[in-house]
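Text of target-v6.txt, listed as compact mmCIF, N, CA and C atoms and all ligand atoms:
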```
# COMPACT_ATOMS: atom_id res chain seq x y z
N MET A 14 -13.65 36.09 -55.86
CA MET A 14 -14.81 36.99 -55.93
C MET A 14 -14.37 38.41 -55.58
N ALA A 15 -15.23 39.34 -55.85
CA ALA A 15 -14.94 40.74 -55.48
C ALA A 15 -16.26 41.50 -55.44
N TYR A 16 -16.20 42.70 -54.99
CA TYR A 16 -17.38 43.55 -55.01
C TYR A 16 -17.29 44.49 -56.20
N VAL A 17 -18.45 45.05 -56.56
CA VAL A 17 -18.56 45.82 -57.79
C VAL A 17 -19.35 47.09 -57.51
N ILE A 18 -19.01 48.17 -58.17
CA ILE A 18 -19.84 49.38 -58.11
C ILE A 18 -20.58 49.48 -59.44
N ALA A 19 -21.90 49.69 -59.34
CA ALA A 19 -22.73 49.70 -60.54
C ALA A 19 -23.39 51.06 -60.77
N GLU A 20 -24.25 51.10 -61.74
CA GLU A 20 -24.83 52.36 -62.23
C GLU A 20 -25.43 53.31 -61.20
N PRO A 21 -26.08 52.84 -60.13
CA PRO A 21 -26.67 53.82 -59.20
C PRO A 21 -25.67 54.82 -58.63
N CYS A 22 -24.40 54.54 -58.72
CA CYS A 22 -23.39 55.51 -58.23
C CYS A 22 -23.36 56.78 -59.09
N VAL A 23 -23.76 56.66 -60.35
CA VAL A 23 -23.75 57.82 -61.24
C VAL A 23 -24.63 58.92 -60.64
N GLY A 24 -24.04 60.09 -60.49
CA GLY A 24 -24.81 61.20 -59.94
C GLY A 24 -24.78 61.29 -58.43
N THR A 25 -24.24 60.29 -57.76
CA THR A 25 -24.14 60.34 -56.29
C THR A 25 -22.67 60.49 -55.90
N LYS A 26 -21.89 59.46 -56.17
CA LYS A 26 -20.42 59.52 -56.01
C LYS A 26 -19.99 60.24 -54.73
N ASP A 27 -20.58 59.85 -53.62
CA ASP A 27 -20.33 60.58 -52.37
C ASP A 27 -19.14 60.06 -51.56
N THR A 28 -18.52 59.02 -52.03
CA THR A 28 -17.31 58.41 -51.43
C THR A 28 -17.55 57.70 -50.08
N SER A 29 -18.78 57.49 -49.69
CA SER A 29 -19.04 56.78 -48.43
C SER A 29 -18.41 55.39 -48.42
N CYS A 30 -18.44 54.73 -49.57
CA CYS A 30 -17.89 53.37 -49.65
C CYS A 30 -16.37 53.40 -49.44
N ALA A 31 -15.72 54.33 -50.11
CA ALA A 31 -14.26 54.43 -49.98
C ALA A 31 -13.86 54.77 -48.54
N ASP A 32 -14.69 55.54 -47.87
CA ASP A 32 -14.39 55.94 -46.49
C ASP A 32 -14.37 54.75 -45.54
N VAL A 33 -15.15 53.71 -45.85
CA VAL A 33 -15.21 52.57 -44.92
C VAL A 33 -14.39 51.36 -45.39
N CYS A 34 -13.89 51.39 -46.58
CA CYS A 34 -13.16 50.23 -47.10
C CYS A 34 -11.85 50.02 -46.33
N PRO A 35 -11.68 48.84 -45.71
CA PRO A 35 -10.51 48.62 -44.87
C PRO A 35 -9.21 48.42 -45.64
N VAL A 36 -9.32 48.14 -46.94
CA VAL A 36 -8.09 47.89 -47.71
C VAL A 36 -7.86 48.95 -48.80
N ASP A 37 -8.65 50.03 -48.75
CA ASP A 37 -8.43 51.15 -49.65
C ASP A 37 -8.41 50.71 -51.13
N CYS A 38 -9.41 49.92 -51.51
CA CYS A 38 -9.41 49.43 -52.90
C CYS A 38 -10.48 50.10 -53.76
N ILE A 39 -11.08 51.21 -53.25
CA ILE A 39 -12.09 51.92 -54.03
C ILE A 39 -11.52 53.27 -54.46
N HIS A 40 -11.52 53.51 -55.77
CA HIS A 40 -10.89 54.72 -56.31
C HIS A 40 -11.66 55.22 -57.51
N PRO A 41 -11.41 56.45 -57.96
CA PRO A 41 -10.61 57.46 -57.29
C PRO A 41 -11.48 58.16 -56.24
N THR A 42 -10.94 58.39 -55.08
CA THR A 42 -11.71 59.07 -54.06
C THR A 42 -11.19 60.49 -53.86
N GLN A 43 -11.89 61.23 -53.03
CA GLN A 43 -11.57 62.64 -52.78
C GLN A 43 -10.06 62.86 -52.62
N GLY A 44 -9.53 63.82 -53.35
CA GLY A 44 -8.12 64.15 -53.22
C GLY A 44 -7.22 63.35 -54.14
N GLU A 45 -7.76 62.31 -54.79
CA GLU A 45 -6.94 61.51 -55.70
C GLU A 45 -7.07 62.02 -57.13
N GLU A 46 -6.07 61.70 -57.92
CA GLU A 46 -6.11 62.06 -59.33
C GLU A 46 -7.36 61.45 -59.96
N HIS A 47 -8.01 62.16 -60.84
CA HIS A 47 -9.19 61.72 -61.58
C HIS A 47 -10.49 61.76 -60.79
N PHE A 48 -10.45 62.13 -59.50
CA PHE A 48 -11.71 62.13 -58.74
C PHE A 48 -12.75 63.03 -59.38
N GLU A 49 -12.35 64.23 -59.74
CA GLU A 49 -13.32 65.20 -60.27
C GLU A 49 -13.95 64.72 -61.57
N THR A 50 -13.20 64.05 -62.40
CA THR A 50 -13.73 63.66 -63.71
C THR A 50 -14.34 62.26 -63.73
N ALA A 51 -14.14 61.49 -62.69
CA ALA A 51 -14.68 60.13 -62.67
C ALA A 51 -16.21 60.18 -62.58
N THR A 52 -16.86 59.34 -63.36
CA THR A 52 -18.33 59.30 -63.36
C THR A 52 -18.84 58.55 -62.14
N ILE A 53 -18.11 57.53 -61.76
CA ILE A 53 -18.44 56.75 -60.55
C ILE A 53 -17.11 56.40 -59.86
N LEU A 54 -17.19 55.76 -58.72
CA LEU A 54 -16.00 55.17 -58.12
C LEU A 54 -15.96 53.70 -58.57
N TYR A 55 -14.78 53.10 -58.48
CA TYR A 55 -14.59 51.73 -58.96
C TYR A 55 -13.89 50.90 -57.89
N ILE A 56 -14.21 49.60 -57.87
CA ILE A 56 -13.58 48.69 -56.91
C ILE A 56 -12.52 47.85 -57.63
N ASP A 57 -11.33 47.84 -57.05
CA ASP A 57 -10.25 47.04 -57.62
C ASP A 57 -10.47 45.57 -57.24
N PRO A 58 -10.82 44.73 -58.21
CA PRO A 58 -11.14 43.33 -57.88
C PRO A 58 -9.94 42.54 -57.37
N ASN A 59 -8.75 43.02 -57.64
CA ASN A 59 -7.56 42.31 -57.17
C ASN A 59 -7.24 42.61 -55.71
N GLU A 60 -7.84 43.66 -55.19
CA GLU A 60 -7.53 44.07 -53.81
C GLU A 60 -8.70 43.84 -52.85
N CYS A 61 -9.91 43.80 -53.37
CA CYS A 61 -11.10 43.66 -52.52
C CYS A 61 -11.04 42.36 -51.72
N ILE A 62 -11.38 42.45 -50.43
CA ILE A 62 -11.35 41.26 -49.57
C ILE A 62 -12.77 40.78 -49.21
N ASP A 63 -13.76 41.28 -49.94
CA ASP A 63 -15.15 40.81 -49.76
C ASP A 63 -15.66 41.00 -48.34
N CYS A 64 -15.36 42.13 -47.75
CA CYS A 64 -15.74 42.34 -46.35
C CYS A 64 -17.18 42.83 -46.20
N ASP A 65 -17.77 43.33 -47.29
CA ASP A 65 -19.18 43.77 -47.31
C ASP A 65 -19.42 45.16 -46.71
N ALA A 66 -18.41 45.81 -46.19
CA ALA A 66 -18.61 47.11 -45.53
C ALA A 66 -19.19 48.16 -46.48
N CYS A 67 -18.81 48.13 -47.74
CA CYS A 67 -19.27 49.15 -48.68
C CYS A 67 -20.75 49.02 -49.01
N VAL A 68 -21.31 47.86 -48.80
CA VAL A 68 -22.74 47.66 -49.12
C VAL A 68 -23.61 48.46 -48.14
N GLU A 69 -23.31 48.32 -46.89
CA GLU A 69 -24.03 49.06 -45.85
C GLU A 69 -23.83 50.56 -46.02
N ALA A 70 -22.65 50.97 -46.44
CA ALA A 70 -22.30 52.39 -46.51
C ALA A 70 -22.97 53.14 -47.67
N CYS A 71 -23.27 52.44 -48.73
CA CYS A 71 -23.74 53.13 -49.94
C CYS A 71 -25.20 53.56 -49.83
N PRO A 72 -25.49 54.85 -50.00
CA PRO A 72 -26.86 55.34 -49.85
C PRO A 72 -27.79 54.97 -51.01
N VAL A 73 -27.20 54.50 -52.13
CA VAL A 73 -28.04 54.21 -53.30
C VAL A 73 -27.91 52.75 -53.77
N ASP A 74 -27.38 51.90 -52.92
CA ASP A 74 -27.25 50.47 -53.25
C ASP A 74 -26.47 50.22 -54.55
N ALA A 75 -25.41 50.97 -54.72
CA ALA A 75 -24.61 50.79 -55.93
C ALA A 75 -23.51 49.75 -55.75
N THR A 76 -23.18 49.42 -54.52
CA THR A 76 -22.11 48.45 -54.26
C THR A 76 -22.74 47.09 -54.02
N MET A 77 -22.13 46.07 -54.60
CA MET A 77 -22.71 44.72 -54.44
C MET A 77 -21.65 43.67 -54.69
N SER A 78 -21.91 42.51 -54.12
CA SER A 78 -21.02 41.38 -54.36
C SER A 78 -21.17 40.96 -55.82
N GLU A 79 -20.08 40.51 -56.39
CA GLU A 79 -20.10 40.03 -57.77
C GLU A 79 -21.21 38.99 -57.98
N ASP A 80 -21.44 38.19 -56.97
CA ASP A 80 -22.46 37.14 -57.06
C ASP A 80 -23.88 37.70 -57.04
N ASP A 81 -24.04 38.92 -56.57
CA ASP A 81 -25.39 39.50 -56.47
C ASP A 81 -25.69 40.50 -57.58
N VAL A 82 -24.78 40.65 -58.52
CA VAL A 82 -24.98 41.65 -59.58
C VAL A 82 -26.16 41.24 -60.45
N PRO A 83 -27.21 42.08 -60.54
CA PRO A 83 -28.34 41.71 -61.40
C PRO A 83 -27.96 41.77 -62.87
N GLU A 84 -28.71 41.07 -63.68
CA GLU A 84 -28.37 40.93 -65.09
C GLU A 84 -28.10 42.27 -65.78
N GLN A 85 -28.91 43.27 -65.48
CA GLN A 85 -28.74 44.54 -66.21
C GLN A 85 -27.44 45.26 -65.86
N PHE A 86 -26.80 44.85 -64.77
CA PHE A 86 -25.52 45.48 -64.39
C PHE A 86 -24.32 44.56 -64.59
N GLU A 87 -24.51 43.44 -65.27
CA GLU A 87 -23.41 42.48 -65.51
C GLU A 87 -22.15 43.17 -66.03
N ILE A 88 -22.35 44.11 -66.95
CA ILE A 88 -21.23 44.81 -67.59
C ILE A 88 -20.33 45.51 -66.56
N PHE A 89 -20.88 45.83 -65.41
CA PHE A 89 -20.10 46.56 -64.41
C PHE A 89 -18.98 45.72 -63.80
N LYS A 90 -19.10 44.40 -63.86
CA LYS A 90 -17.98 43.56 -63.41
C LYS A 90 -16.77 43.87 -64.28
N GLU A 91 -17.01 43.94 -65.56
CA GLU A 91 -15.96 44.22 -66.53
C GLU A 91 -15.49 45.68 -66.42
N ILE A 92 -16.41 46.59 -66.24
CA ILE A 92 -16.06 48.01 -66.16
C ILE A 92 -15.13 48.25 -64.95
N ASN A 93 -15.45 47.68 -63.81
CA ASN A 93 -14.60 47.85 -62.63
C ASN A 93 -13.22 47.23 -62.87
N ARG A 94 -13.19 46.06 -63.50
CA ARG A 94 -11.92 45.39 -63.76
C ARG A 94 -11.07 46.21 -64.74
N VAL A 95 -11.69 46.64 -65.81
CA VAL A 95 -10.97 47.40 -66.84
C VAL A 95 -10.38 48.69 -66.27
N TYR A 96 -11.13 49.31 -65.36
CA TYR A 96 -10.65 50.57 -64.78
C TYR A 96 -9.27 50.39 -64.15
N PHE A 97 -9.07 49.26 -63.49
CA PHE A 97 -7.78 49.04 -62.83
C PHE A 97 -6.75 48.36 -63.72
N ASP A 98 -7.20 47.48 -64.60
CA ASP A 98 -6.25 46.78 -65.47
C ASP A 98 -5.77 47.67 -66.61
N GLU A 99 -6.66 48.53 -67.11
CA GLU A 99 -6.29 49.30 -68.30
C GLU A 99 -6.25 50.81 -68.06
N GLY A 100 -6.71 51.23 -66.89
CA GLY A 100 -6.57 52.64 -66.54
C GLY A 100 -7.86 53.44 -66.57
N HIS A 101 -7.77 54.64 -66.01
CA HIS A 101 -8.91 55.54 -65.86
C HIS A 101 -9.63 55.79 -67.19
N ALA A 102 -8.88 56.13 -68.22
CA ALA A 102 -9.51 56.50 -69.49
C ALA A 102 -10.30 55.32 -70.07
N GLU A 103 -9.73 54.15 -70.01
CA GLU A 103 -10.39 52.97 -70.59
C GLU A 103 -11.65 52.61 -69.80
N GLY A 104 -11.55 52.68 -68.47
CA GLY A 104 -12.71 52.36 -67.64
C GLY A 104 -13.84 53.35 -67.87
N GLU A 105 -13.48 54.61 -67.92
CA GLU A 105 -14.48 55.66 -68.14
C GLU A 105 -15.09 55.54 -69.54
N LYS A 106 -14.28 55.16 -70.51
CA LYS A 106 -14.76 55.02 -71.88
C LYS A 106 -15.81 53.90 -71.96
N MET A 107 -15.50 52.81 -71.29
CA MET A 107 -16.42 51.68 -71.29
C MET A 107 -17.74 52.04 -70.59
N LEU A 108 -17.63 52.77 -69.51
CA LEU A 108 -18.84 53.20 -68.79
C LEU A 108 -19.66 54.16 -69.66
N ALA A 109 -18.97 55.10 -70.32
CA ALA A 109 -19.67 56.07 -71.17
C ALA A 109 -20.42 55.36 -72.29
N LYS A 110 -19.79 54.35 -72.84
CA LYS A 110 -20.40 53.59 -73.94
C LYS A 110 -21.68 52.90 -73.44
N TYR A 111 -21.58 52.34 -72.27
CA TYR A 111 -22.76 51.68 -71.67
C TYR A 111 -23.89 52.70 -71.45
N LEU A 112 -23.54 53.86 -70.88
CA LEU A 112 -24.57 54.86 -70.58
C LEU A 112 -25.19 55.40 -71.87
N GLU A 113 -24.36 55.56 -72.90
CA GLU A 113 -24.86 56.03 -74.20
C GLU A 113 -25.82 55.01 -74.80
N SER A 114 -25.46 53.75 -74.71
CA SER A 114 -26.29 52.71 -75.30
C SER A 114 -27.66 52.66 -74.62
N LYS A 115 -27.69 53.00 -73.38
CA LYS A 115 -28.96 53.02 -72.66
C LYS A 115 -29.82 54.21 -73.07
N ALA A 116 -29.14 55.32 -73.35
CA ALA A 116 -29.86 56.56 -73.68
C ALA A 116 -30.46 56.52 -75.09
N SER A 117 -29.84 55.72 -75.97
CA SER A 117 -30.30 55.73 -77.37
C SER A 117 -31.45 54.76 -77.58
S1 LIG B 201 -16.22 44.53 -49.93
FE1 LIG B 201 -14.87 45.46 -48.38
S2 LIG B 201 -12.84 45.30 -49.29
FE2 LIG B 201 -14.29 45.04 -50.94
S3 LIG B 201 -14.60 47.07 -51.78
FE3 LIG B 201 -16.20 46.75 -50.28
S4 LIG B 201 -15.38 47.66 -48.41
FE4 LIG B 201 -13.63 47.35 -49.77
S1 LIG B 202 -21.12 54.93 -51.55
FE1 LIG B 202 -22.30 54.31 -53.36
S2 LIG B 202 -22.86 56.24 -54.37
FE2 LIG B 202 -21.23 56.69 -52.90
S3 LIG B 202 -19.36 56.59 -54.13
FE3 LIG B 202 -19.65 54.59 -53.20
S4 LIG B 202 -20.79 53.40 -54.73
FE4 LIG B 202 -20.95 55.55 -55.28
```

Full structure transcribed into structure tokens:
Amino acid sequence: MAYVIAEPCVGTKDTSCADVCPVDCIHPTQGEEHFETATILYIDPNECIDCDACVEACPVDATMSEDDVPEQFEIFKEINRVYFDEGHAEGEKMLAKYLESKAS
């Protein structure tokens, strides 16, 4: 299992979750490459230890356990995974596609 960052992070991206993560698996955060251009922060599912700290920290309830992801945010499991497996551009592309599909 792992935790996931979902759509409510868009427009907030305040890095509170990354600040409390004990294993530093939330990226890109302040000072890291791609922070300025990232639409949201992402959780590396291969590194997350399911400690739950990011849930309490997030002001907009964007962080959640994979098991608690509501149906409308299912895609975010894949978006977070792709960000780390395939890189920043691919993760951002997938997120942009999702946001576009919602807007149309
Ligand atoms: S559940 Fe814990 S380890 Fe996983 S992303 Fe959140 S703070 Fe980091
Ligand atoms: S705490 Fe919530 S809003 Fe802030 S960066 Fe993390 S997921 Fe996004």

Counting only C-alpha atoms, select every polymer residue within 12 Å of (-22.3, 55.2, -66.4) as defined in the file's coordinates, and provide the selection as a ChimeraX atom specification. /A:18-26,51-55,75,86,88-89,92-93,104-116

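Atom pair CA of Glu91 in chain A / atom N of Val17 in chain A has a distance of 10.3 Å (rounded to one decimal).
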
Run DSSP on the backbone and tell me which residues of chain A come out as strand (DSSP E); list them as a compact mmCIF listing (two decimals) with N, CA and C atoms, in the coordinates of the input.
```txt
# COMPACT_ATOMS: atom_id res chain seq x y z
N TYR A 16 -16.20 42.70 -54.99
CA TYR A 16 -17.38 43.55 -55.01
C TYR A 16 -17.29 44.49 -56.20
N VAL A 17 -18.45 45.05 -56.56
CA VAL A 17 -18.56 45.82 -57.79
C VAL A 17 -19.35 47.09 -57.51
N ILE A 18 -19.01 48.17 -58.17
CA ILE A 18 -19.84 49.38 -58.11
C ILE A 18 -20.58 49.48 -59.44
N ILE A 39 -11.08 51.21 -53.25
CA ILE A 39 -12.09 51.92 -54.03
C ILE A 39 -11.52 53.27 -54.46
N HIS A 40 -11.52 53.51 -55.77
CA HIS A 40 -10.89 54.72 -56.31
C HIS A 40 -11.66 55.22 -57.51
N TYR A 55 -14.78 53.10 -58.48
CA TYR A 55 -14.59 51.73 -58.96
C TYR A 55 -13.89 50.90 -57.89
N ILE A 56 -14.21 49.60 -57.87
CA ILE A 56 -13.58 48.69 -56.91
C ILE A 56 -12.52 47.85 -57.63
N THR A 76 -23.18 49.42 -54.52
CA THR A 76 -22.11 48.45 -54.26
C THR A 76 -22.74 47.09 -54.02
N MET A 77 -22.13 46.07 -54.60
CA MET A 77 -22.71 44.72 -54.44
C MET A 77 -21.65 43.67 -54.69
N SER A 78 -21.91 42.51 -54.12
CA SER A 78 -21.02 41.38 -54.36
C SER A 78 -21.17 40.96 -55.82
```

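Put simply, CA of Ala66 in chain A is 8.3 Å away from CA of Pro35 in chain A.
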
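Inspection of the environment of ligand LIG 201 (chain B), which uses only N, CA and C atoms and all ligand atoms and a cut-off of 6.5 Å, identifies the neighbouring residues as Ala15, Tyr16, Val17, Cys30, Val33, Cys34, Pro35, Val36, Asp37, Cys38, Ile39, Ile56, Asp57, Glu60, Cys61, Ile62, Asp63, Cys64, Asp65, Ala66, Cys67 and Val68 of chain A.
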
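Candidate residues A:Asn59, A:Glu46, A:Val82, A:Ala31 were compared for distance to Arg94 in chain A, and the nearest is A:Asn59, using all atoms listed in the file.
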
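With distances restricted to only C-alpha atoms, A:His101 is the closest residue to His47 in chain A from A:His101, A:Val95, A:Asp32, A:Ser117.
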
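One finds CA of Ala70 in chain A at 21.4 Å from atom C of Thr50 in chain A.
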
If you run DSSP on the backbone, which residues of range 44-115 of chain A are helix (DSSP H, G or I), as number ranges by chain? A: 66-70, 79-81, 84-86, 88-99, 101-115

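Ranking A:Asp81, A:Ala102, A:Pro72, A:Phe97 by their shortest atom-to-atom distance to ligand LIG 202 (chain B), with all atoms listed in the file included, puts A:Pro72 first.
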
Extending 6 Å beyond the listed atoms of ligand LIG 202 (chain B) on each side, what axis-aligned box results? I want centre and edge lengths in Å to one decimal, as JSON.
```
{"center_x": -21.1, "center_y": 55.0, "center_z": -53.4, "size_x": 15.5, "size_y": 15.3, "size_z": 15.7}
```

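Minimum atom-to-atom distances from A:Glu103, A:Asp98, A:Glu69, A:Asp80 to Met14 in chain A were compared using all atoms listed in the file, and the lowest value belongs to A:Asp80.
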
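The closest residue to ligand LIG 202 (chain B), picked from A:Glu49, A:Glu79, A:Asp74, A:Glu99 and counting all atoms listed in the file, is A:Asp74.
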
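The nearest approach to ligand LIG 202 (chain B) among the residues A:Cys71, A:Thr42, A:Glu84, A:Ser78, with all atoms listed in the file taken into account, belongs to A:Cys71.
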